[in-house]
Every structure is written in structure tokens, then in C-alpha cells.
file entry01.cif (mmCIF, C-alpha atoms and all ligand atoms)
data_input
#
loop_
_atom_site.label_atom_id
_atom_site.label_comp_id
_atom_site.auth_asym_id
_atom_site.auth_seq_id
_atom_site.Cartn_x
_atom_site.Cartn_y
_atom_site.Cartn_z
CA MET A 1 55.95 -27.91 16.67
CA ASP A 2 56.55 -31.22 18.43
CA ARG A 3 56.24 -33.73 15.59
CA GLU A 4 59.99 -34.35 15.57
CA GLU A 5 60.26 -30.68 14.58
CA LYS A 6 58.29 -31.24 11.37
CA VAL A 7 55.46 -29.12 9.97
CA ASP A 8 53.17 -31.82 8.63
CA LEU A 9 50.89 -30.46 5.90
CA ARG A 10 50.36 -33.74 4.06
CA SER A 11 46.77 -34.19 5.23
CA ASP A 12 44.33 -33.31 8.00
CA THR A 13 44.38 -37.01 8.90
CA VAL A 14 47.77 -36.58 10.61
CA THR A 15 46.29 -34.79 13.63
CA ARG A 16 46.81 -36.42 16.98
CA PRO A 17 44.40 -36.40 19.93
CA SER A 18 44.86 -33.38 22.19
CA PRO A 19 45.31 -33.75 25.97
CA GLY A 20 41.62 -32.80 26.48
CA MET A 21 40.51 -35.42 23.98
CA ARG A 22 42.73 -38.07 25.59
CA GLU A 23 41.22 -37.24 28.97
CA ALA A 24 37.70 -37.67 27.57
CA MET A 25 38.77 -41.01 26.07
CA ALA A 26 40.23 -42.19 29.37
CA ARG A 27 37.00 -41.32 31.23
CA ALA A 28 34.66 -43.00 28.69
CA THR A 29 32.08 -45.50 29.92
CA VAL A 30 32.20 -48.50 27.60
CA GLY A 31 30.41 -51.76 26.80
CA ASP A 32 30.23 -54.29 23.97
CA ASP A 33 28.99 -52.38 20.94
CA VAL A 34 28.34 -55.53 18.93
CA PHE A 35 25.61 -56.14 21.55
CA GLY A 36 24.61 -52.46 21.23
CA GLU A 37 25.78 -51.94 24.81
CA ASP A 38 28.41 -49.25 24.55
CA PRO A 39 26.76 -46.17 26.07
CA THR A 40 29.32 -43.77 24.64
CA ILE A 41 28.90 -45.07 21.09
CA ASN A 42 25.13 -44.92 21.51
CA GLU A 43 25.44 -41.33 22.70
CA LEU A 44 27.67 -40.37 19.75
CA GLU A 45 25.34 -42.02 17.24
CA GLN A 46 22.29 -40.29 18.71
CA ARG A 47 24.08 -36.97 18.85
CA ALA A 48 25.24 -37.24 15.21
CA ALA A 49 21.78 -38.26 13.97
CA GLY A 50 20.28 -35.29 15.81
CA MET A 51 22.85 -32.86 14.44
CA PHE A 52 22.03 -33.90 10.86
CA GLY A 53 18.29 -34.42 11.36
CA LYS A 54 18.47 -38.08 10.35
CA GLU A 55 16.69 -40.98 12.07
CA ALA A 56 19.76 -43.07 12.74
CA SER A 57 23.54 -43.23 12.50
CA LEU A 58 26.31 -45.78 12.66
CA PHE A 59 29.83 -45.40 14.04
CA VAL A 60 32.34 -46.99 11.67
CA PRO A 61 36.14 -47.22 11.62
CA SER A 62 36.73 -45.10 8.52
CA GLY A 63 35.32 -42.83 5.83
CA THR A 64 36.10 -45.57 3.34
CA MET A 65 33.85 -47.99 5.19
CA ALA A 66 31.09 -45.37 5.52
CA ASN A 67 31.06 -44.81 1.74
CA LEU A 68 31.15 -48.54 1.07
CA LEU A 69 28.26 -49.20 3.49
CA ALA A 70 26.25 -46.43 1.81
CA ALA A 71 26.69 -48.22 -1.53
CA LEU A 72 26.12 -51.72 -0.12
CA SER A 73 22.95 -50.77 1.72
CA GLN A 74 21.38 -48.82 -1.15
CA THR A 75 22.27 -50.81 -4.28
CA ARG A 76 22.31 -54.34 -5.65
CA PRO A 77 25.28 -55.96 -7.38
CA GLY A 78 25.24 -55.01 -11.06
CA ASP A 79 23.78 -51.53 -10.42
CA THR A 80 25.57 -48.33 -11.41
CA ILE A 81 26.71 -45.51 -9.13
CA ILE A 82 27.25 -42.02 -10.57
CA LEU A 83 30.08 -39.99 -9.13
CA SER A 84 32.65 -37.38 -10.07
CA GLU A 85 35.82 -38.52 -11.80
CA ASP A 86 37.61 -36.79 -8.91
CA SER A 87 35.66 -38.50 -6.14
CA HIS A 88 37.42 -40.25 -3.29
CA PRO A 89 35.59 -43.58 -3.68
CA TYR A 90 36.56 -43.76 -7.35
CA ASN A 91 40.20 -42.76 -6.87
CA TYR A 92 41.31 -43.79 -3.42
CA GLU A 93 39.21 -46.57 -1.96
CA SER A 94 41.04 -49.39 -3.69
CA GLY A 95 38.19 -50.34 -5.99
CA ASN A 96 36.02 -51.50 -3.09
CA ILE A 97 32.78 -50.46 -4.79
CA ALA A 98 33.60 -52.82 -7.65
CA LEU A 99 34.89 -55.73 -5.60
CA VAL A 100 32.75 -55.61 -2.47
CA ALA A 101 29.51 -53.93 -3.59
CA GLY A 102 29.76 -55.26 -7.17
CA VAL A 103 28.62 -51.88 -8.45
CA LEU A 104 29.67 -50.27 -11.72
CA THR A 105 30.99 -46.72 -11.54
CA ARG A 106 29.91 -44.11 -14.05
CA THR A 107 32.23 -41.18 -13.52
CA ILE A 108 31.70 -37.64 -14.74
CA ARG A 109 34.41 -35.09 -15.43
CA CYS A 110 33.51 -31.84 -13.69
CA ARG A 111 35.07 -28.67 -12.35
CA TYR A 112 36.60 -28.92 -8.87
CA GLY A 113 34.78 -32.20 -8.22
CA ILE A 114 31.38 -30.49 -8.14
CA LEU A 115 28.68 -32.18 -10.23
CA SER A 116 25.61 -30.37 -11.52
CA ALA A 117 22.12 -31.89 -11.65
CA GLU A 118 22.20 -31.50 -15.46
CA GLN A 119 25.44 -33.46 -15.80
CA ILE A 120 24.06 -36.22 -13.62
CA ALA A 121 20.73 -36.28 -15.46
CA ALA A 122 22.56 -36.83 -18.75
CA ASN A 123 24.26 -39.92 -17.32
CA ILE A 124 21.34 -41.70 -15.64
CA VAL A 125 20.37 -45.02 -17.18
CA LYS A 126 16.81 -46.12 -16.37
CA THR A 127 15.32 -48.60 -18.79
CA GLU A 128 13.57 -51.94 -18.97
CA ASP A 129 16.21 -53.02 -21.51
CA HIS A 130 18.35 -55.65 -19.79
CA HIS A 131 21.41 -54.76 -21.84
CA PHE A 132 22.01 -51.96 -19.39
CA SER A 133 23.12 -51.62 -15.78
CA PRO A 134 20.55 -49.42 -14.01
CA THR A 135 21.70 -46.30 -12.20
CA THR A 136 20.44 -46.58 -8.63
CA ILE A 137 22.61 -44.19 -6.63
CA ILE A 138 24.44 -40.87 -6.96
CA SER A 139 27.36 -39.97 -4.71
CA ILE A 140 28.54 -36.40 -4.18
CA GLU A 141 31.55 -35.26 -2.13
CA ASN A 142 31.35 -32.18 0.08
CA THR A 143 33.96 -30.75 0.40
CA SER A 144 35.75 -32.16 -2.62
CA ASN A 145 39.25 -33.38 -1.80
CA ARG A 146 40.67 -33.45 -5.34
CA GLY A 147 38.68 -30.29 -6.07
CA GLY A 148 40.87 -28.28 -3.67
CA GLY A 149 38.37 -28.45 -0.82
CA ALA A 150 35.58 -27.07 -3.03
CA ILE A 151 32.16 -26.67 -1.43
CA TYR A 152 28.93 -27.83 -3.06
CA PRO A 153 26.59 -24.83 -3.33
CA ILE A 154 23.48 -25.76 -1.34
CA GLU A 155 21.31 -24.94 -4.38
CA THR A 156 23.23 -27.60 -6.35
CA VAL A 157 22.77 -30.18 -3.59
CA ALA A 158 19.05 -29.33 -3.52
CA ALA A 159 18.75 -29.65 -7.31
CA ILE A 160 20.54 -33.03 -7.27
CA GLY A 161 18.22 -34.12 -4.45
CA VAL A 162 15.15 -33.20 -6.52
CA LEU A 163 16.59 -35.08 -9.51
CA ALA A 164 17.33 -38.16 -7.41
CA ARG A 165 13.79 -38.25 -6.03
CA GLU A 166 12.20 -37.66 -9.45
CA ARG A 167 14.22 -40.50 -10.99
CA GLY A 168 13.87 -42.86 -8.01
CA LEU A 169 17.59 -42.84 -7.16
CA LYS A 170 19.36 -42.79 -3.83
CA LEU A 171 21.68 -39.89 -3.07
CA HIS A 172 24.74 -40.27 -0.83
CA CYS A 173 26.98 -37.44 0.33
CA ASP A 174 30.56 -38.29 1.21
CA GLY A 175 30.81 -35.57 3.82
CA ALA A 176 34.25 -36.54 5.09
CA ARG A 177 34.84 -32.77 5.47
CA ILE A 178 31.22 -31.56 5.65
CA PHE A 179 31.99 -29.47 8.74
CA ASN A 180 34.52 -27.49 6.72
CA ALA A 181 31.63 -26.61 4.40
CA VAL A 182 29.36 -25.88 7.38
CA VAL A 183 31.69 -23.37 9.06
CA GLU A 184 32.58 -21.68 5.78
CA THR A 185 29.04 -21.24 4.44
CA GLY A 186 26.87 -21.14 7.55
CA VAL A 187 24.62 -23.76 5.94
CA THR A 188 23.63 -26.14 8.73
CA PRO A 189 24.33 -29.90 8.79
CA VAL A 190 20.53 -30.44 8.83
CA GLU A 191 20.15 -28.41 5.63
CA TYR A 192 22.95 -30.27 3.82
CA ALA A 193 21.56 -33.62 4.98
CA SER A 194 17.92 -32.81 4.16
CA HIS A 195 18.57 -33.24 0.42
CA VAL A 196 20.32 -36.61 0.60
CA ASP A 197 19.38 -40.13 1.72
CA THR A 198 22.67 -40.85 3.44
CA ILE A 199 25.58 -38.68 4.53
CA SER A 200 28.87 -39.64 6.13
CA PHE A 201 31.39 -37.54 7.98
CA CYS A 202 34.88 -38.20 9.33
CA LEU A 203 35.98 -37.58 12.89
CA SER A 204 39.58 -38.40 12.03
CA LYS A 205 40.32 -35.46 9.72
CA GLY A 206 40.00 -31.81 10.71
CA LEU A 207 38.02 -32.77 13.81
CA GLY A 208 41.18 -34.31 15.24
CA CYS A 209 40.12 -37.80 16.37
CA PRO A 210 42.39 -40.81 16.02
CA VAL A 211 39.73 -43.01 14.36
CA GLY A 212 36.15 -42.96 13.22
CA SER A 213 33.41 -41.86 10.87
CA LEU A 214 29.63 -41.82 11.00
CA LEU A 215 27.08 -42.83 8.41
CA LEU A 216 23.63 -41.28 8.78
CA GLY A 217 20.30 -42.03 7.17
CA ASP A 218 16.87 -43.47 7.83
CA ARG A 219 16.45 -46.35 10.27
CA ALA A 220 16.05 -49.06 7.63
CA THR A 221 19.15 -48.04 5.66
CA ILE A 222 21.31 -47.75 8.75
CA TRP A 223 20.06 -51.13 9.95
CA ALA A 224 21.11 -52.64 6.61
CA ALA A 225 24.49 -50.87 6.91
CA HIS A 226 24.84 -52.29 10.43
CA ARG A 227 24.71 -55.81 9.03
CA TYR A 228 27.27 -55.01 6.31
CA ARG A 229 29.56 -53.41 8.90
CA LYS A 230 29.51 -56.71 10.79
CA MET A 231 30.17 -58.68 7.59
CA LEU A 232 33.19 -56.54 6.83
CA GLY A 233 34.62 -57.05 10.30
CA GLY A 234 33.82 -53.51 11.39
CA GLY A 235 31.78 -54.49 14.45
CA MET A 236 33.84 -53.06 17.28
CA ARG A 237 33.60 -53.90 20.95
CA GLN A 238 34.53 -51.38 23.69
CA ALA A 239 35.07 -48.68 21.08
CA GLY A 240 33.38 -46.10 23.31
CA ILE A 241 36.92 -44.92 23.98
CA LEU A 242 36.99 -43.80 20.35
CA ALA A 243 33.44 -42.49 20.41
CA ALA A 244 34.36 -40.34 23.42
CA ALA A 245 36.99 -38.68 21.22
CA GLY A 246 34.23 -38.09 18.67
CA ILE A 247 31.90 -36.45 21.21
CA TYR A 248 34.78 -34.29 22.40
CA ALA A 249 35.51 -33.27 18.79
CA LEU A 250 31.89 -32.31 18.12
CA ASP A 251 31.98 -30.15 21.27
CA HIS A 252 35.37 -28.50 20.72
CA ASN A 253 36.74 -28.83 17.22
CA ILE A 254 34.10 -27.71 14.74
CA GLU A 255 34.21 -23.91 15.05
CA ARG A 256 38.00 -23.92 15.04
CA LEU A 257 38.04 -25.29 11.47
CA ARG A 258 37.71 -21.61 10.51
CA GLU A 259 41.29 -21.18 11.71
CA ASP A 260 42.47 -23.80 9.21
CA HIS A 261 40.64 -21.97 6.43
CA ARG A 262 42.19 -18.65 7.45
CA ARG A 263 45.68 -20.18 7.46
CA ALA A 264 45.09 -21.74 4.02
CA ARG A 265 44.10 -18.29 2.71
CA VAL A 266 47.12 -16.58 4.27
CA PHE A 267 49.46 -19.29 2.96
CA ARG A 268 48.11 -18.76 -0.54
CA GLN A 269 48.23 -14.96 -0.34
CA GLU A 270 51.83 -15.06 0.88
CA LEU A 271 52.94 -17.25 -2.02
CA GLU A 272 50.84 -15.65 -4.75
CA GLY A 273 53.14 -14.33 -7.49
CA THR A 274 56.15 -16.44 -6.41
CA PRO A 275 58.02 -17.53 -9.55
CA GLY A 276 57.74 -21.25 -10.26
CA LEU A 277 54.28 -21.90 -8.89
CA SER A 278 50.64 -21.29 -9.66
CA PHE A 279 47.32 -22.14 -8.06
CA PRO A 280 45.17 -24.26 -10.37
CA MET A 281 42.01 -23.97 -8.28
CA PRO A 282 40.42 -21.85 -5.57
CA SER A 283 41.09 -22.74 -1.93
CA PRO A 284 37.82 -22.07 -0.08
CA THR A 285 38.51 -24.35 2.89
CA ASN A 286 41.59 -26.00 4.42
CA MET A 287 43.46 -27.22 1.30
CA VAL A 288 45.76 -25.54 -1.17
CA TYR A 289 46.93 -27.18 -4.39
CA LEU A 290 50.08 -25.73 -5.96
CA GLN A 291 51.16 -26.40 -9.51
CA VAL A 292 54.95 -26.67 -9.86
CA ALA A 293 57.37 -28.01 -12.46
CA ASP A 294 58.49 -31.02 -10.44
CA ALA A 295 56.44 -31.91 -7.37
CA ARG A 296 58.77 -34.64 -6.13
CA GLU A 297 61.81 -32.39 -6.19
CA ILE A 298 60.04 -29.56 -4.34
CA THR A 299 58.61 -32.06 -1.84
CA HIS A 300 62.13 -33.30 -1.19
CA HIS A 301 63.52 -29.76 -0.69
CA LEU A 302 60.67 -28.94 1.68
CA ALA A 303 61.23 -32.14 3.66
CA GLU A 304 64.87 -31.16 4.12
CA GLN A 305 63.57 -27.99 5.77
CA GLY A 306 61.19 -29.96 7.99
CA VAL A 307 58.02 -29.27 5.98
CA LEU A 308 56.03 -32.28 4.79
CA VAL A 309 53.60 -31.95 1.85
CA HIS A 310 51.78 -34.36 -0.41
CA PRO A 311 52.87 -34.62 -4.07
CA ALA A 312 49.39 -35.22 -5.49
CA ALA A 313 50.64 -35.53 -9.10
CA ALA A 314 53.89 -35.10 -11.04
CA ASP A 315 53.30 -31.32 -11.20
CA MET A 316 51.00 -30.83 -8.21
CA ILE A 317 51.52 -30.42 -4.47
CA ARG A 318 48.72 -30.51 -1.93
CA VAL A 319 48.98 -28.68 1.37
CA VAL A 320 46.35 -29.17 4.09
CA PHE A 321 45.87 -27.07 7.22
CA HIS A 322 44.61 -28.70 10.41
CA LEU A 323 44.54 -28.34 14.18
CA ASP A 324 48.18 -29.30 14.68
CA VAL A 325 49.40 -26.36 12.52
CA SER A 326 49.96 -23.02 14.29
CA ASP A 327 50.64 -19.56 12.84
CA THR A 328 54.35 -20.07 13.55
CA GLU A 329 54.30 -23.26 11.49
CA LEU A 330 52.39 -21.48 8.75
CA ASP A 331 55.22 -18.92 8.55
CA LEU A 332 57.82 -21.70 8.50
CA ALA A 333 55.97 -23.38 5.64
CA VAL A 334 55.71 -20.18 3.59
CA ASN A 335 59.44 -19.52 4.01
CA ALA A 336 60.33 -23.13 3.20
CA PHE A 337 58.33 -22.92 -0.04
CA ARG A 338 60.03 -19.65 -1.02
CA LYS A 339 63.44 -21.18 -0.37
CA ALA A 340 62.68 -24.44 -2.22
CA LEU A 341 61.36 -22.57 -5.25
CA SER A 342 64.25 -20.12 -5.37
CA THR A 343 66.79 -22.96 -5.01
CA LEU A 344 65.24 -24.79 -7.94
CA GLY A 345 65.00 -21.59 -9.95
CA ASP A 346 68.81 -21.07 -9.68
C1 LIG B 401 36.62 -37.03 0.66
C2 LIG B 401 37.06 -38.25 1.40
N1 LIG B 401 36.22 -39.26 1.55
C3 LIG B 401 36.55 -40.38 2.21
C4 LIG B 401 37.80 -40.52 2.76
C5 LIG B 401 38.17 -41.81 3.44
O1 LIG B 401 38.38 -41.67 4.79
P1 LIG B 401 39.28 -42.75 5.58
O2 LIG B 401 40.68 -42.38 5.33
O3 LIG B 401 38.82 -42.56 7.00
O4 LIG B 401 38.92 -44.09 5.06
C6 LIG B 401 38.73 -39.48 2.64
C7 LIG B 401 40.07 -39.62 3.24
O5 LIG B 401 40.95 -38.82 3.05
C8 LIG B 401 38.35 -38.31 1.93
O6 LIG B 401 39.20 -37.29 1.75
#
call {"tool": "encode", "arguments": {"input": "entry01.cif", "output": "C-alpha cells"}}
result
Amino acid sequence: MDREEKVDLRSDTVTRPSPGMREAMARATVGDDVFGEDPTINELEQRAAGMFGKEASLFVPSGTMANLLAALSQTRPGDTIILSEDSHPYNYESGNIALVAGVLTRTIRCRYGILSAEQIAANIVKTEDHHFSPTTIISIENTSNRGGGAIYPIETVAAIGVLARERGLKLHCDGARIFNAVVETGVTPVEYASHVDTISFCLSKGLGCPVGSLLLGDRATIWAAHRYRKMLGGGMRQAGILAAAGIYALDHNIERLREDHRRARVFRQELEGTPGLSFPMPSPTNMVYLQVADAREITHHLAEQGVLVHPAAADMIRVVFHLDVSDTELDLAVNAFRKALSTLGD
């Protein structure tokens, strides 16, 4: 525990590059990527496209930009995007779909952030009547952040893919944490990606990189996204240093996500039945949401004990396991929660 003696469970984005990753970054061969001349970025993009069975991929600074580029390159201003009411783009990307892509959001309330093909079908607008904004894209999130790290069943992804093709819609998967789904289910990245037009994934979450996401799709879509990335100021130069971290992460940090899932399960089991808290949703991957009377107060008590968590709502705390959390820190967190809850129960 070297983060100023804190156990940081606020998010899997707080991970810092390991010594091995830093070494890979220091050794990276680089060039000007705006000219397409950074060999390490080219290698990462080719590697990612191959892993997901897509024609092309684009290295971008963030998951937010990847989702935005997916919308920009597959819609026109005035179109409608369908997504879950709990989706990241709708809740946490600062309204960029509205402002930058000019696209209307049609959100659907669903359990754990997982949409069904039937729910989506009931919300599609396809008509010649110019009163209406046409639905042109669906966005699903796997795993679902606000859904407690819920995983889309592959049958559901397949059914949504069939629906999208039948109705002539594009389908994007915000796969910020797709590798958490991959290691938990054994469903391959190629299989998940085969049902969607575009998929993004983040290097800077459980995979432990400082920066970076990839957007994958067919050549034409990724070429369109490449132009929008430039427009948004996301054309990077010698960013092969960052891509080297990504290649390192793909080599070393995927399988170990299982460890984060195991720790999330143990954490939950240890606290199950503790007075003053309940678990509002399952925790199949690396996140645990805890319902408490006063999230801010508990968060404060935990911080005093060196444990940082995210108060996701007035009565909800989110805890996320990642590669900078060991078993010792897991124990510290469990004990800190017990103490905070018993103090408040007095
Ligand atoms: C599901 C999901 N999508 C997209 C993002 C955005 O990623 P970034 O923070 O790299 O913009 C996040 C970030 O937490 C996320 O959880």
C-alpha cells in the first residue's frame, strides 16, 4: 500500500503504471502519429483489431472520445441514439452526444443497465414522417458501470445485433470494461465484437495504463472516426509511449482481472449480513455497490481510516477492485467498513 497509505477503491481508473509497464514505455519506438508514422501505435491498433476480429482500430485518449467518435461517425445531427438510462455516455460524458454529435438520446430504464432486444425494438423510430427524429444507432455498455459491473449475456448481444441489422441501425458497444466480461464468461472478444458495428475498450481502467482507449470497426467507419478525432484535437504525436503501455497491458493484465473479481466477491461475502448495509445488485465483476443510510458520512469515516470509496448517490457507495489492490488491502477495507458501520450504528 504505497498510495500515501491509502486503499483507493474509488475506481479502476486510479491504477498507476507498474515498473514493467514503465520500462516498456521507455523503450517504445515512436514517430508522428498524425502522419501515421508511430510504429508502436500502428502495432497496438493492428493488434487490437486482430483481437476483436475487426478491420481497423483507432487509438484515442479516452473512453469518452471513443464513444463520441462512434456516434459522430455513424449518425447525422438530428438522429436519435438509443441507450440505457444508466449508460455512461448519457450520465457521465457531459452531454457531448447532444452538443458535439447533435444527436438526441432516447434512454430506456432497464435492470442493471442491460437492455433487451424487445425493449430496444419498442423504442425504435423509423418513419418517413418528418415530425420524428430517426433512430440510427443503438449503444450498449458491457460491462455496465452503473449496473454494478453487470455483463451482457452473449445471447442478448446477438439478439440486439440481429435487431439492428433488420432495422438498418448501427450498433455500438461501449466496452470500456469488455475484458472483465471476457475473463468472467470465457466469451471471446471476437464473439462479442461480431454482433456489433463498433466496439471500444479502455486501457486506462482495469488494464492499468495511464491513458488510452481503442475504437474498432470496419475500415470506412474508423477512417471517418479518424477525421473526427483530428477535429476534436485528439490527434496525438509521439504517443507510441502510451501505446507501448497498451501493448504491455494486453500482454500482462487481462487474465489478472480475475483476481479483481475474486476480491470483489470476497469483499461482498465478508460484509454480507453486516447491519446498516445491503447490496442492491449482483457483483459479477470488479465492482460492488453498497446501499447505506448516508453515503457521505460512511465515505468520510472510511477516509479517516485510509480507505477511499466513491459515494455514487446519497445512499449508495461504489467500491471497485483493480490491480493496485492486494489481499492485505482487501482485508483493511473490510475492517474499515465494519468499523465505520458500527460507529454510525452507535
Ligand atoms: C462504461 C464506461 N464508458 C466510458 C467511460 C469513459 O472513459 P474515460 O474516463 O476514459 O473517458 C467510462 C469511465 O469510467 C466508463 O465507465
call {"tool": "closest_atom_pairs", "arguments": {"input": "entry01.cif", "of": "chain A", "to": "ligand LIG 401 (chain B)", "cutoff": "8 Å", "atoms": "all atoms listed in the file", "output": "CSV"}}
result
residue,atom,partner,partner_atom,distance
A:Ser11,CA,B:LIG401,O5,7.7
A:Thr13,CA,B:LIG401,O5,7.0
A:Pro61,CA,B:LIG401,O3,7.1
A:Ser62,CA,B:LIG401,O3,3.6
A:Gly63,CA,B:LIG401,O1,3.4
A:Thr64,CA,B:LIG401,O4,3.6
A:Met65,CA,B:LIG401,O4,6.4
A:Ala66,CA,B:LIG401,O4,7.9
A:Asn67,CA,B:LIG401,C3,7.1
A:Ser87,CA,B:LIG401,C1,7.0
A:His88,CA,B:LIG401,N1,5.1
A:Pro89,CA,B:LIG401,C3,6.8
A:Tyr92,CA,B:LIG401,C5,7.8
A:Glu93,CA,B:LIG401,C5,7.3
A:Glu141,CA,B:LIG401,C1,6.1
A:Asn142,CA,B:LIG401,C1,7.2
A:Thr143,CA,B:LIG401,C1,6.8
A:Ser144,CA,B:LIG401,C1,5.9
A:Asn145,CA,B:LIG401,C1,5.1
A:Asp174,CA,B:LIG401,N1,5.8
A:Gly175,CA,B:LIG401,C1,6.8
A:Ala176,CA,B:LIG401,N1,4.9
A:Arg177,CA,B:LIG401,C1,6.7
A:Cys202,CA,B:LIG401,O3,6.3
A:Ser204,CA,B:LIG401,O3,6.6
A:Lys205,CA,B:LIG401,O5,7.5
A:Val211,CA,B:LIG401,O3,7.4
A:Gly212,CA,B:LIG401,O3,6.8
A:Ser213,CA,B:LIG401,O3,6.7
call {"tool": "atom_distance", "arguments": {"input": "entry01.cif", "atom1": "atom CA of Ser84 of chain A", "atom2": "atom CA of Gly147 of chain A"}}
result
10.1 Å
call {"tool": "residues_around", "arguments": {"input": "entry01.cif", "residues": "Ile120 of chain A", "least_positions_apart": "6", "cutoff": "8 Å", "atoms": "all atoms listed in the file", "output": "MDAnalysis selection string"}}
result
chainID A and resid 82 108 160
call {"tool": "write_last_selection", "arguments": {"input": "entry01.cif", "atoms": "C-alpha atoms", "output": "mmCIF file, in the frame of the given file"}}
result
data_model
loop_
_atom_site.group_PDB
_atom_site.id
_atom_site.type_symbol
_atom_site.label_atom_id
_atom_site.label_comp_id
_atom_site.auth_asym_id
_atom_site.auth_seq_id
_atom_site.Cartn_x
_atom_site.Cartn_y
_atom_site.Cartn_z
ATOM 1 C CA ILE A 82 27.250 -42.020 -10.570
ATOM 2 C CA ILE A 108 31.700 -37.640 -14.740
ATOM 3 C CA ILE A 160 20.540 -33.030 -7.270
#
call {"tool": "closest_residue", "arguments": {"input": "entry01.cif", "among": "A:Leu171, A:Leu302, A:Ile199, A:Leu115", "to": "Lys54 of chain A", "atoms": "only C-alpha atoms"}}
result
A:Ile199
call {"tool": "atom_distance", "arguments": {"input": "entry01.cif", "atom1": "atom CA of Gln305 of chain A", "atom2": "atom CA of Ala336 of chain A"}}
result
6.4 Å
call {"tool": "closest_atom_pairs", "arguments": {"input": "entry01.cif", "of": "segment 275-335 of chain A", "to": "segment 255-265 of chain A", "cutoff": "6 Å", "atoms": "all atoms listed in the file", "output": "CSV"}}
result
residue,atom,partner,partner_atom,distance
A:Thr285,CA,A:His261,CA,4.8
A:Asn286,CA,A:His261,CA,4.6
A:Phe321,CA,A:Asp260,CA,5.1
A:His322,CA,A:Asp260,CA,5.5
call {"tool": "closest_residue", "arguments": {"input": "entry01.cif", "among": "A:Leu169, A:Val190, A:Ala159, A:Leu104", "to": "Gly50 of chain A", "atoms": "all atoms listed in the file"}}
result
A:Val190
call {"tool": "atom_distance", "arguments": {"input": "entry01.cif", "atom1": "atom CA of Ala245 of chain A", "atom2": "atom CA of Ala225 of chain A"}}
result
22.6 Å
call {"tool": "closest_residue", "arguments": {"input": "entry01.cif", "among": "A:Val288, A:Leu277, A:Met21, A:Ala340", "to": "Gly306 of chain A", "atoms": "only C-alpha atoms"}}
result
A:Ala340
call {"tool": "build_atoms", "arguments": {"input": "entry01.cif", "residues": "segment 290-302 of chain A", "atoms": "N, CA, C and O atoms", "output": "PDB file, in the frame of the given file"}}
result
ATOM      1  N   LEU A 290      49.109 -26.592  -5.277  1.00  0.00           N
ATOM      2  CA  LEU A 290      50.080 -25.730  -5.960  1.00  0.00           C
ATOM      3  C   LEU A 290      50.627 -26.485  -7.164  1.00  0.00           C
ATOM      4  O   LEU A 290      51.077 -27.628  -7.032  1.00  0.00           O
ATOM      5  N   GLN A 291      50.593 -25.805  -8.302  1.00  0.00           N
ATOM      6  CA  GLN A 291      51.160 -26.400  -9.510  1.00  0.00           C
ATOM      7  C   GLN A 291      52.622 -25.962  -9.615  1.00  0.00           C
ATOM      8  O   GLN A 291      52.925 -24.766  -9.502  1.00  0.00           O
ATOM      9  N   VAL A 292      53.504 -26.942  -9.784  1.00  0.00           N
ATOM     10  CA  VAL A 292      54.950 -26.670  -9.860  1.00  0.00           C
ATOM     11  C   VAL A 292      55.536 -27.519 -10.985  1.00  0.00           C
ATOM     12  O   VAL A 292      54.872 -28.422 -11.494  1.00  0.00           O
ATOM     13  N   ALA A 293      56.791 -27.246 -11.348  1.00  0.00           N
ATOM     14  CA  ALA A 293      57.370 -28.010 -12.460  1.00  0.00           C
ATOM     15  C   ALA A 293      57.592 -29.470 -12.054  1.00  0.00           C
ATOM     16  O   ALA A 293      57.272 -30.385 -12.793  1.00  0.00           O
ATOM     17  N   ASP A 294      58.137 -29.661 -10.857  1.00  0.00           N
ATOM     18  CA  ASP A 294      58.490 -31.020 -10.440  1.00  0.00           C
ATOM     19  C   ASP A 294      58.112 -31.206  -8.965  1.00  0.00           C
ATOM     20  O   ASP A 294      58.855 -30.805  -8.064  1.00  0.00           O
ATOM     21  N   ALA A 295      56.973 -31.809  -8.742  1.00  0.00           N
ATOM     22  CA  ALA A 295      56.440 -31.910  -7.370  1.00  0.00           C
ATOM     23  C   ALA A 295      57.341 -32.720  -6.459  1.00  0.00           C
ATOM     24  O   ALA A 295      57.531 -32.376  -5.291  1.00  0.00           O
ATOM     25  N   ARG A 296      57.934 -33.781  -6.985  1.00  0.00           N
ATOM     26  CA  ARG A 296      58.770 -34.640  -6.130  1.00  0.00           C
ATOM     27  C   ARG A 296      60.002 -33.887  -5.637  1.00  0.00           C
ATOM     28  O   ARG A 296      60.397 -33.998  -4.480  1.00  0.00           O
ATOM     29  N   GLU A 297      60.593 -33.117  -6.554  1.00  0.00           N
ATOM     30  CA  GLU A 297      61.810 -32.390  -6.190  1.00  0.00           C
ATOM     31  C   GLU A 297      61.497 -31.327  -5.117  1.00  0.00           C
ATOM     32  O   GLU A 297      62.214 -31.188  -4.130  1.00  0.00           O
ATOM     33  N   ILE A 298      60.415 -30.596  -5.322  1.00  0.00           N
ATOM     34  CA  ILE A 298      60.040 -29.560  -4.340  1.00  0.00           C
ATOM     35  C   ILE A 298      59.696 -30.229  -3.007  1.00  0.00           C
ATOM     36  O   ILE A 298      60.105 -29.746  -1.934  1.00  0.00           O
ATOM     37  N   THR A 299      58.979 -31.336  -3.074  1.00  0.00           N
ATOM     38  CA  THR A 299      58.610 -32.060  -1.840  1.00  0.00           C
ATOM     39  C   THR A 299      59.867 -32.455  -1.065  1.00  0.00           C
ATOM     40  O   THR A 299      59.935 -32.315   0.162  1.00  0.00           O
ATOM     41  N   HIS A 300      60.867 -32.892  -1.808  1.00  0.00           N
ATOM     42  CA  HIS A 300      62.130 -33.300  -1.190  1.00  0.00           C
ATOM     43  C   HIS A 300      62.833 -32.090  -0.534  1.00  0.00           C
ATOM     44  O   HIS A 300      63.279 -32.163   0.616  1.00  0.00           O
ATOM     45  N   HIS A 301      62.889 -30.967  -1.250  1.00  0.00           N
ATOM     46  CA  HIS A 301      63.520 -29.760  -0.690  1.00  0.00           C
ATOM     47  C   HIS A 301      62.801 -29.286   0.562  1.00  0.00           C
ATOM     48  O   HIS A 301      63.424 -28.850   1.527  1.00  0.00           O
ATOM     49  N   LEU A 302      61.455 -29.368   0.522  1.00  0.00           N
ATOM     50  CA  LEU A 302      60.670 -28.940   1.680  1.00  0.00           C
ATOM     51  C   LEU A 302      60.933 -29.862   2.862  1.00  0.00           C
ATOM     52  O   LEU A 302      61.096 -29.404   3.998  1.00  0.00           O
TER      53      LEU A 302
END
